[in-house]
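J.: Okay, so here is input-v1.cif, and as you'll see once you scroll down, it has mmCIF, C-alpha atoms.
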```cif
data_query
loop_
_atom_site.label_atom_id
_atom_site.label_comp_id
_atom_site.auth_asym_id
_atom_site.auth_seq_id
_atom_site.Cartn_x
_atom_site.Cartn_y
_atom_site.Cartn_z
CA MET A 1 142.09 -52.48 81.46
CA LEU A 2 140.66 -50.04 83.97
CA THR A 3 142.23 -46.61 84.32
CA ILE A 4 141.16 -45.01 87.58
CA ARG A 5 142.26 -41.86 89.39
CA ARG A 6 144.11 -42.40 92.66
CA ALA A 7 141.58 -40.22 94.50
CA HIS A 8 138.75 -42.51 93.37
CA LEU A 9 140.66 -45.62 94.35
CA GLU A 10 141.31 -44.13 97.78
CA ALA A 11 137.64 -43.21 98.13
CA ILE A 12 136.61 -46.83 97.43
CA VAL A 13 139.13 -48.12 99.97
CA ALA A 14 137.97 -45.59 102.60
CA HIS A 15 134.32 -46.52 102.02
CA ALA A 16 135.12 -50.23 102.39
CA ARG A 17 137.01 -49.63 105.67
CA ALA A 18 134.23 -47.44 107.05
CA ASP A 19 131.51 -50.02 106.38
CA HIS A 20 133.52 -53.10 107.44
CA PRO A 21 132.34 -55.72 108.51
CA ASP A 22 129.39 -55.02 106.21
CA GLU A 23 129.95 -54.84 102.47
CA ALA A 24 130.28 -51.37 100.95
CA CYS A 25 129.12 -50.56 97.41
CA GLY A 26 128.89 -47.74 94.89
CA VAL A 27 129.43 -46.48 91.38
CA ILE A 28 131.82 -44.24 89.52
CA ALA A 29 129.85 -42.72 86.66
CA GLY A 30 131.43 -41.32 83.53
CA PRO A 31 130.37 -39.85 80.19
CA ALA A 32 128.58 -42.48 78.07
CA GLY A 33 131.01 -44.26 75.78
CA SER A 34 134.11 -42.67 77.37
CA ASP A 35 135.15 -45.60 79.63
CA ARG A 36 136.39 -42.85 81.98
CA PRO A 37 135.31 -43.05 85.65
CA ASP A 38 134.57 -39.48 86.61
CA ARG A 39 131.96 -39.00 89.34
CA PHE A 40 132.26 -41.01 92.57
CA ILE A 41 128.87 -42.03 94.00
CA PRO A 42 128.97 -44.10 97.20
CA MET A 43 125.70 -46.00 97.69
CA VAL A 44 123.99 -47.35 100.80
CA ASN A 45 124.09 -51.14 101.06
CA ALA A 46 120.37 -51.70 101.69
CA ALA A 47 121.16 -55.29 102.76
CA ARG A 48 123.55 -54.04 105.53
CA SER A 49 125.19 -57.43 105.43
CA PRO A 50 128.71 -58.89 105.64
CA THR A 51 127.85 -61.32 102.82
CA PHE A 52 125.52 -59.39 100.48
CA TYR A 53 125.07 -55.97 98.96
CA GLU A 54 122.19 -54.38 97.14
CA PHE A 55 121.48 -50.79 96.15
CA ASP A 56 118.20 -49.60 97.66
CA SER A 57 115.57 -49.74 94.88
CA VAL A 58 114.55 -46.08 95.21
CA ASP A 59 118.22 -44.96 95.28
CA LEU A 60 118.80 -47.13 92.20
CA LEU A 61 116.06 -45.37 90.22
CA ARG A 62 117.35 -41.95 91.29
CA LEU A 63 120.92 -42.91 90.32
CA TYR A 64 119.98 -44.16 86.85
CA ARG A 65 117.73 -41.15 86.16
CA GLU A 66 120.53 -38.82 87.16
CA MET A 67 123.07 -40.64 84.97
CA ASP A 68 120.58 -40.58 82.10
CA ASP A 69 120.03 -36.82 82.47
CA ARG A 70 123.80 -36.25 82.42
CA ASP A 71 124.40 -38.70 79.56
CA GLU A 72 126.52 -40.87 81.85
CA GLU A 73 126.82 -44.58 82.46
CA PRO A 74 128.16 -46.66 85.37
CA VAL A 75 131.81 -47.04 84.30
CA VAL A 76 132.80 -48.66 87.60
CA ILE A 77 130.56 -50.66 89.95
CA TYR A 78 132.45 -51.41 93.16
CA HIS A 79 131.83 -53.43 96.29
CA SER A 80 133.81 -54.95 99.12
CA HIS A 81 134.18 -58.49 100.35
CA THR A 82 134.82 -58.52 104.07
CA ALA A 83 135.85 -62.13 104.74
CA THR A 84 136.89 -63.48 101.34
CA GLU A 85 139.18 -62.49 98.48
CA ALA A 86 138.46 -59.66 96.06
CA TYR A 87 137.10 -62.00 93.37
CA PRO A 88 133.49 -62.13 92.09
CA SER A 89 131.34 -64.61 94.01
CA ARG A 90 128.75 -66.80 92.32
CA THR A 91 126.11 -64.31 93.47
CA ASP A 92 128.11 -61.41 91.98
CA ILE A 93 128.25 -63.23 88.66
CA SER A 94 124.57 -64.17 88.58
CA TYR A 95 123.45 -60.59 89.38
CA ALA A 96 125.93 -58.78 87.15
CA SER A 97 123.84 -56.81 84.66
CA GLU A 98 126.15 -54.13 83.27
CA PRO A 99 128.29 -55.80 80.59
CA GLY A 100 129.99 -52.47 79.86
CA ALA A 101 131.05 -51.80 83.47
CA HIS A 102 134.29 -52.52 85.29
CA TYR A 103 133.39 -54.49 88.42
CA VAL A 104 135.90 -53.39 91.06
CA LEU A 105 136.23 -55.57 94.15
CA VAL A 106 138.20 -54.85 97.27
CA SER A 107 138.73 -57.09 100.28
CA THR A 108 138.89 -55.89 103.87
CA ARG A 109 139.48 -59.38 105.26
CA GLU A 110 143.10 -58.55 106.21
CA CYS A 111 142.80 -54.92 107.25
CA GLY A 112 139.23 -54.67 108.56
CA SER A 113 138.40 -51.06 109.47
CA GLY A 114 142.05 -50.29 110.22
CA GLU A 115 145.08 -49.28 108.21
CA GLY A 116 146.94 -51.76 106.09
CA PRO A 117 147.03 -52.94 102.53
CA MET A 118 143.80 -53.78 100.76
CA GLU A 119 143.40 -56.06 97.78
CA VAL A 120 141.89 -54.14 94.80
CA ARG A 121 141.01 -55.98 91.59
CA SER A 122 138.89 -55.27 88.53
CA PHE A 123 136.81 -57.57 86.35
CA ARG A 124 134.48 -57.66 83.41
CA ILE A 125 131.46 -59.87 83.96
CA VAL A 126 129.65 -60.64 80.69
CA ASP A 127 127.10 -63.45 80.22
CA GLY A 128 128.36 -65.21 83.36
CA VAL A 129 132.00 -65.09 82.28
CA VAL A 130 134.52 -63.32 84.55
CA THR A 131 137.64 -61.77 83.03
CA GLU A 132 140.18 -60.07 85.27
CA GLU A 133 141.82 -56.93 83.90
CA ALA A 134 144.75 -54.70 84.81
CA VAL A 135 144.14 -51.66 87.00
CA VAL A 136 146.08 -48.57 86.02
CA VAL A 137 146.15 -45.83 88.64
CA ALA A 138 146.31 -42.34 87.21
CA GLU A 139 148.17 -39.84 89.36
CA THR A 140 146.93 -36.37 88.56
CA GLY A 141 149.43 -34.76 86.23
CA GLU A 142 151.80 -37.73 86.46
CA ALA A 143 152.55 -40.77 84.39
CA LEU A 144 150.29 -43.82 84.73
CA THR A 145 151.37 -46.61 87.09
CA GLU A 146 150.28 -50.17 86.41
CA VAL A 147 149.46 -52.16 89.56
CA GLY A 148 147.97 -55.45 88.46
CA PRO A 149 146.92 -58.16 87.98
CA MET B 1 96.63 -47.80 78.50
CA ALA B 2 99.47 -46.51 76.35
CA VAL B 3 102.66 -46.15 78.35
CA GLU B 4 106.34 -45.51 77.78
CA VAL B 5 108.81 -48.15 78.97
CA ARG B 6 112.49 -47.49 79.69
CA ILE B 7 114.65 -50.52 78.88
CA PRO B 8 117.96 -51.22 80.67
CA THR B 9 121.15 -51.82 78.67
CA ILE B 10 121.14 -55.56 79.28
CA LEU B 11 117.67 -55.98 77.71
CA ARG B 12 118.21 -53.72 74.71
CA PRO B 13 119.17 -56.65 72.47
CA TYR B 14 115.42 -57.46 72.63
CA THR B 15 114.41 -53.95 71.52
CA ASP B 16 116.90 -53.48 68.65
CA GLY B 17 118.89 -51.24 70.96
CA ALA B 18 116.00 -48.91 71.83
CA LYS B 19 116.21 -47.27 75.27
CA VAL B 20 112.53 -46.37 75.31
CA VAL B 21 109.68 -48.37 73.77
CA GLN B 22 105.91 -48.02 73.73
CA GLY B 23 103.65 -50.52 75.42
CA ASP B 24 100.04 -51.09 76.32
CA GLY B 25 98.11 -52.77 79.13
CA ALA B 26 95.71 -52.29 82.02
CA THR B 27 98.26 -53.65 84.51
CA ILE B 28 102.00 -54.35 84.68
CA ALA B 29 101.27 -58.03 83.92
CA ASP B 30 99.30 -57.05 80.78
CA LEU B 31 102.05 -54.68 79.75
CA LEU B 32 104.70 -57.40 80.01
CA GLY B 33 102.56 -59.64 77.78
CA ASP B 34 102.20 -56.80 75.29
CA LEU B 35 105.95 -56.10 75.35
CA ASP B 36 106.68 -59.77 74.76
CA GLY B 37 104.49 -59.66 71.61
CA ARG B 38 106.52 -56.73 70.30
CA HIS B 39 109.93 -57.91 71.61
CA PRO B 40 109.76 -61.72 71.88
CA GLY B 41 111.62 -63.22 74.85
CA ILE B 42 111.73 -60.11 77.01
CA ARG B 43 109.01 -61.24 79.43
CA GLU B 44 110.94 -64.37 80.37
CA ARG B 45 113.81 -62.15 81.55
CA LEU B 46 111.50 -60.23 83.89
CA VAL B 47 109.16 -62.78 85.47
CA ASP B 48 109.14 -66.41 86.55
CA GLU B 49 106.36 -68.65 87.94
CA ALA B 50 106.53 -66.79 91.26
CA GLY B 51 106.09 -63.33 89.70
CA LEU B 52 108.61 -60.56 89.18
CA ARG B 53 112.16 -61.95 89.30
CA ARG B 54 114.01 -61.18 92.52
CA PHE B 55 116.74 -59.15 90.81
CA ILE B 56 114.49 -57.09 88.52
CA ASN B 57 112.99 -53.79 89.65
CA VAL B 58 110.01 -52.30 87.82
CA TYR B 59 108.94 -48.77 88.61
CA LEU B 60 105.63 -47.06 87.85
CA ASN B 61 106.65 -43.40 87.53
CA ASP B 62 108.69 -42.99 90.79
CA GLU B 63 107.49 -46.05 92.69
CA ASP B 64 108.82 -49.59 92.86
CA VAL B 65 105.78 -51.73 91.92
CA ARG B 66 106.71 -54.12 94.76
CA PHE B 67 105.44 -51.37 97.08
CA LEU B 68 102.26 -51.02 94.97
CA ASP B 69 100.33 -54.06 93.72
CA GLY B 70 103.24 -55.85 92.03
CA LEU B 71 102.30 -57.30 88.65
CA GLY B 72 98.68 -56.31 89.35
CA THR B 73 99.55 -52.60 89.57
CA ALA B 74 97.08 -50.65 87.40
CA LEU B 75 98.36 -48.38 84.64
CA ALA B 76 97.00 -45.09 83.31
CA ASP B 77 97.56 -43.50 79.89
CA GLY B 78 100.86 -41.65 79.80
CA ASP B 79 102.46 -43.51 82.71
CA SER B 80 106.18 -44.05 82.56
CA ILE B 81 107.55 -47.50 83.39
CA THR B 82 111.23 -48.05 84.16
CA ILE B 83 112.84 -51.48 84.27
CA LEU B 84 116.17 -51.74 86.13
CA PRO B 85 118.08 -54.84 87.14
CA ALA B 86 119.13 -54.75 90.79
CA VAL B 87 122.74 -53.78 91.44
CA ALA B 88 123.52 -56.49 93.94
CA GLY B 89 125.81 -59.35 94.76
CA GLY B 90 127.50 -61.25 97.53
#
```
Rewrite the structure from the file as structure tokens, please.
T.:
Amino acid sequence: MLTIRRAHLEAIVAHARADHPDEACGVIAGPAGSDRPDRFIPMVNAARSPTFYEFDSVDLLRLYREMDDRDEEPVVIYHSHTATEAYPSRTDISYASEPGAHYVLVSTRECGSGEGPMEVRSFRIVDGVVTEEAVVVAETGEALTEVGP
Amino acid sequence: MAVEVRIPTILRPYTDGAKVVQGDGATIADLLGDLDGRHPGIRERLVDEAGLRRFINVYLNDEDVRFLDGLGTALADGDSITILPAVAGG
């Protein structure tokens, strides 16, 4: 199960809309071992592609050094699909290298850059095996609301 | 050349969980051979017949070795090597 703050969820959705039709990507870092997404870090998609995303290699080094210095880890790794459902592609599975992370996918295929509902789903990807998990949205100061799957 | 190598989470099963290990070599290619002697199987995860695997980044200090001399990049005593899998997908 992924518990994520509404503000972070909205930031992912806004990033995906802004970059549509290219894929958007980023990380939410959190204290190591906490499983708590805390610090939203949108990344540039160096591939600038509607079918692929990749963090720029220099940005990647900077990101991991920074997380290391702060004793953080990538709790959420997110990206958008712009023409297909919010489910890990074969490429996503073969490149997935953070067994401890929640892989959050959103799909802008229905809404594009405009308003409208967006599919948001979360997965674990470990040794090539995809497991979908529930997403619980935490409203600040309010009870948790379960939204899926 | 004695260097320090930072190991990503996904490869730590090869290093008994260590985040940082010591290595030795005149070049990145030598270093990977040396690491494989100390942590058997790790080299296979980093290189294939064509060279460095597409989804593996290796940095010498602050530079991606792809922008230097790749596996032939020369090392100096005290260099810091960082291995990071690409964060990528489709």
J.: For the atom pair atom CA of A:Glu119 and atom CA of A:Val104, what is the interatomic distance in Å to one decimal place?
T.: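 Atom CA of A:Val104 lies 10.4 Å from atom CA of A:Glu119.
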J.: Which residue out of A:Ser97, A:Thr82, A:Thr131, A:Thr91 has the minimum interatomic distance to A:Arg17 when only C-alpha atoms are used?
T.: A:Thr82
J.: Would you list which chain A residues are within 7 Å of chain B using only C-alpha atoms, as a PyMOL selection string?
T.: chain A and resi 51-55+89+91-92+95+97-98
J.: Using the chain letters and numbering of this document, enumerate as a ChimeraX atom specification the residues selected by the PyMOL selection byres ((chain A and resi 118) around 8).
T.: /A:13,106-108,110-111,116-117,119-120
J.: Run through the PyMOL selection byres ((chain B and resi 2) around 10) on the given coordinates and return the selected residues as a list in words.
T.: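 Output of the PyMOL selection byres ((chain B and resi 2) around 10): Met1, Val3, Glu4, Val5, Gln22, Gly23, Asp24, Gly25, Ala26, Leu31, Leu75, Ala76, Asp77, Gly78, Asp79 and Ser80 of chain B.
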J.: Got a sec to resolve the PyMOL selection byres ((chain B and resi 38-43) around 12) on this structure and send the residues as a count of residues only?
T.: 36
J.: Neighbours of A:Ser34 within 12 Å (all atoms listed in the file; same-chain residues fewer than 3 positions away dropped), as a ChimeraX atom specification?
T.: /A:2-3,29-31,37-38,71-76,100-101
J.: Include C-alpha atoms and write out the residues we just selected as a tab-separated table (two decimals), keeping the file's coordinate frame.
T.:
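Result written to part_4.tsv:
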```tsv
chain	number	residue	atom	x	y	z
A	2	LEU	CA	140.66	-50.04	83.97
A	3	THR	CA	142.23	-46.61	84.32
A	29	ALA	CA	129.85	-42.72	86.66
A	30	GLY	CA	131.43	-41.32	83.53
A	31	PRO	CA	130.37	-39.85	80.19
A	37	PRO	CA	135.31	-43.05	85.65
A	38	ASP	CA	134.57	-39.48	86.61
A	71	ASP	CA	124.40	-38.70	79.56
A	72	GLU	CA	126.52	-40.87	81.85
A	73	GLU	CA	126.82	-44.58	82.46
A	74	PRO	CA	128.16	-46.66	85.37
A	75	VAL	CA	131.81	-47.04	84.30
A	76	VAL	CA	132.80	-48.66	87.60
A	100	GLY	CA	129.99	-52.47	79.86
A	101	ALA	CA	131.05	-51.80	83.47
```
J.: One decimal, Å: what's the distance from atom CA of A:Pro88 over to atom CA of A:Ala32, could you say?
T.: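 It comes out at 24.6 Å.
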J.: Just to confirm, what's the straight-line distance from atom CA of A:His15 to atom CA of A:Val136 in Å (one decimal)?
T.: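 Answer for the atom CA of A:His15 to atom CA of A:Val136 separation: 20.0 Å.
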J.: If we count all atoms listed in the file and set the cut-off at 8 Å, which residues sit around A:Arg121, ignoring sequence neighbours fewer than 6 positions away in its own chain? Please answer as a PyMOL selection string.
T.: chain A and resi 86-87+104-106+132-135+148-149
J.: As a PyMOL selection string, please: the residues near A:Met43 (cut-off 12 Å, all atoms listed in the file, same-chain neighbours under 5 positions excluded).
T.: (chain A and resi 12+15-16+19+23-28+48+53-60+62-63+77-79) or (chain B and resi 87-88)
J.: Name the closest residue to A:Met67 among the candidates A:Ile41, A:Ala138, A:Met1, A:Val130; distances are taken between atoms, counting all atoms listed in the file.
T.: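 Of A:Ile41, A:Ala138, A:Met1, A:Val130, the one nearest A:Met67 is A:Ile41, counting all atoms listed in the file.
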J.: Please determine, counting only C-alpha atoms, which residue among A:Ser49, A:Arg5, A:Glu66, A:Thr140 has the shortest atom-to-atom distance to A:His81.
T.: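 Checking each of A:Ser49, A:Arg5, A:Glu66, A:Thr140 against A:His81, counting only C-alpha atoms, the winner is A:Ser49.
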